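Everything below concerns the one structure shown next.
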Amino acid sequence: MAKTKYQFNPESISYEKVEVNIKTRFINALKHMASSSVLAIAMVVVLFYFFGSPKERSLQRENQKLITQYERLNAELEQIHTVLTDLEQRDDNLYRVIFEAEPIHSNIRKAGVGGVNRYKQLEDMENSDLVISTAKKLDQVAKSLYVQSKSYDDVEIMVKNKFKMLSAIPAIMPLAIKDFGRISAGYGWRIHPIYKTKKFHDGMDFTGKIGTPIYATGDGVVKQARKERGYGKKIVIDHGYGYTTLYAHLSSYRVKKGQKVKRGEIIGELGNTGISTGPHLHYEVRKNRKTLNPINYYFNDITSDEYDSMVAYAENTGQTMD
């Protein structure tokens, strides 16, 4: 029920009833509604400002979860980086050392990814430092994994080549002997038996019966199988990797030029051809055209005690037979 309003009339010295028309009532209603709306809006604004809308609160919770996940991802990336660093160090300082390969340069391993503005689109994001840091770590891990994967591809090739190289290195004795007294001359300066002058002996001499089998000391290709003054009938095998071996004073050949041979394969027979004072084999090992002491290349054939005995016999021999 609407309230009745009265207004004091000083002339009649009494309160008179005030009649309110429809227009006034409408204006008053509008004022009331406006003030209520303003109050309601103010309350909503204050409520949302301090407490946020349900949607905003949900987004805030999701954002906090994302931040937690990014932090966890950063920690895991640090662990992955530690493992990768260990693999890189093993690769450079172990695997590549074994296979005589140069380590991968740090400039290649640590090279940047992409251009200067690669992460520019992330700079306007909330928590951009965390997002950019994670993105950079991911990119660096991906780059390191790629480089390491390619390195292991190279190592695999080196392993295969190493097996070939180990098969090619002259690593056995050129004839089957256990009596090291058959070593008539070792590597080094000796008195030549014919010229009676001091001369450097580039190989080792082994005495034996004519026709004794002579073996290839490593895999390779026959480079020469011919007679030559001084050496007599000789065979030269190219083993690759800079290695060649020479077998001289033979009585016969079992191979020909261009033929592939395997370690332990019979290539000829011991003889007394060329400049020689008796049946024997003159054997040389060369690396990059320089002669080496063959005694250091019998590691597939003899024990350490037998090696010591061989060295003693070789050192005590005073003359060569050629």
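In the structure tokens, each chain is lettered A, B, ... as it comes, each chain's residues begin at 1, and ligands are numbered from 1 in order of appearance.
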
With a distance cut-off of 10 Å and only C-alpha atoms, select the neighbouring residues of segment 148-155 of chain A, excluding the residue or stretch itself and same-chain residues fewer than 5 positions from it, and output the selection as JSON, numbers by chain.
-> {"A": [84, 87, 88, 91, 92, 95, 96, 99, 101, 103, 104, 109, 142, 143, 160, 161, 162]}

Write the residues of the selection above to a file with N, CA and C atoms, as a JSON list (two decimals), in the first residue's frame.
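Full text of part_29.json as output:
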[["chain", "number", "residue", "atom", "x", "y", "z"],
["A", 84, "LEU", "N", 72.89, -35.85, -21.42],
["A", 84, "LEU", "CA", 73.45, -35.56, -22.74],
["A", 84, "LEU", "C", 74.90, -35.09, -22.64],
["A", 87, "LEU", "N", 77.05, -38.06, -22.17],
["A", 87, "LEU", "CA", 77.19, -38.81, -23.43],
["A", 87, "LEU", "C", 78.17, -38.10, -24.36],
["A", 88, "GLU", "N", 78.08, -36.77, -24.41],
["A", 88, "GLU", "CA", 78.99, -36.01, -25.28],
["A", 88, "GLU", "C", 80.44, -36.16, -24.83],
["A", 91, "ASP", "N", 81.63, -39.55, -25.75],
["A", 91, "ASP", "CA", 81.82, -39.62, -27.19],
["A", 91, "ASP", "C", 83.15, -38.99, -27.59],
["A", 92, "ASP", "N", 83.43, -37.79, -27.05],
["A", 92, "ASP", "CA", 84.65, -37.07, -27.43],
["A", 92, "ASP", "C", 85.91, -37.67, -26.82],
["A", 95, "TYR", "N", 85.07, -42.79, -27.08],
["A", 95, "TYR", "CA", 84.81, -43.47, -28.34],
["A", 95, "TYR", "C", 85.68, -42.93, -29.47],
["A", 96, "ARG", "N", 85.75, -41.60, -29.58],
["A", 96, "ARG", "CA", 86.51, -41.02, -30.68],
["A", 96, "ARG", "C", 88.02, -41.16, -30.46],
["A", 99, "PHE", "N", 88.91, -44.68, -31.64],
["A", 99, "PHE", "CA", 88.92, -44.83, -33.09],
["A", 99, "PHE", "C", 89.73, -43.74, -33.79],
["A", 101, "ALA", "N", 89.70, -40.51, -33.88],
["A", 101, "ALA", "CA", 88.93, -39.47, -34.59],
["A", 101, "ALA", "C", 88.93, -38.19, -33.75],
["A", 103, "PRO", "N", 87.47, -35.04, -31.80],
["A", 103, "PRO", "CA", 86.20, -34.79, -31.10],
["A", 103, "PRO", "C", 85.39, -33.73, -31.83],
["A", 104, "ILE", "N", 84.10, -33.74, -31.61],
["A", 104, "ILE", "CA", 83.23, -32.75, -32.23],
["A", 104, "ILE", "C", 83.46, -31.40, -31.56],
["A", 109, "ARG", "N", 78.44, -28.40, -31.21],
["A", 109, "ARG", "CA", 77.54, -28.95, -30.20],
["A", 109, "ARG", "C", 76.66, -27.87, -29.57],
["A", 142, "ALA", "N", 66.98, -30.70, -28.34],
["A", 142, "ALA", "CA", 66.71, -31.28, -29.66],
["A", 142, "ALA", "C", 67.93, -31.18, -30.56],
["A", 143, "LYS", "N", 68.62, -30.02, -30.53],
["A", 143, "LYS", "CA", 69.82, -29.84, -31.35],
["A", 143, "LYS", "C", 70.94, -30.78, -30.89],
["A", 160, "LYS", "N", 83.06, -50.20, -37.85],
["A", 160, "LYS", "CA", 83.19, -51.12, -38.97],
["A", 160, "LYS", "C", 84.56, -50.98, -39.62],
["A", 161, "ASN", "N", 85.00, -49.73, -39.80],
["A", 161, "ASN", "CA", 86.33, -49.51, -40.39],
["A", 161, "ASN", "C", 87.45, -50.01, -39.47],
["A", 162, "LYS", "N", 87.21, -49.90, -38.14],
["A", 162, "LYS", "CA", 88.22, -50.35, -37.19],
["A", 162, "LYS", "C", 88.41, -51.85, -37.30]]

So which residues touch Gly220 of chain A within 10 Å, counting only C-alpha atoms, skipping near sequence neighbours fewer than 5 positions away, as a PyMOL selection string?
-> chain A and resi 167-170+236-240+243-245+258-263

Enumerate, as a PyMOL selection string, the complete set of residues in segment 144-262 of chain A that a backbone-based DSSP assignment places in alpha helix (DSSP H).
-> chain A and resi 144-168

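Note that the spacing between atom CA of Lys233 of chain A and atom CA of Ser276 of chain A amounts to 11.5 Å.
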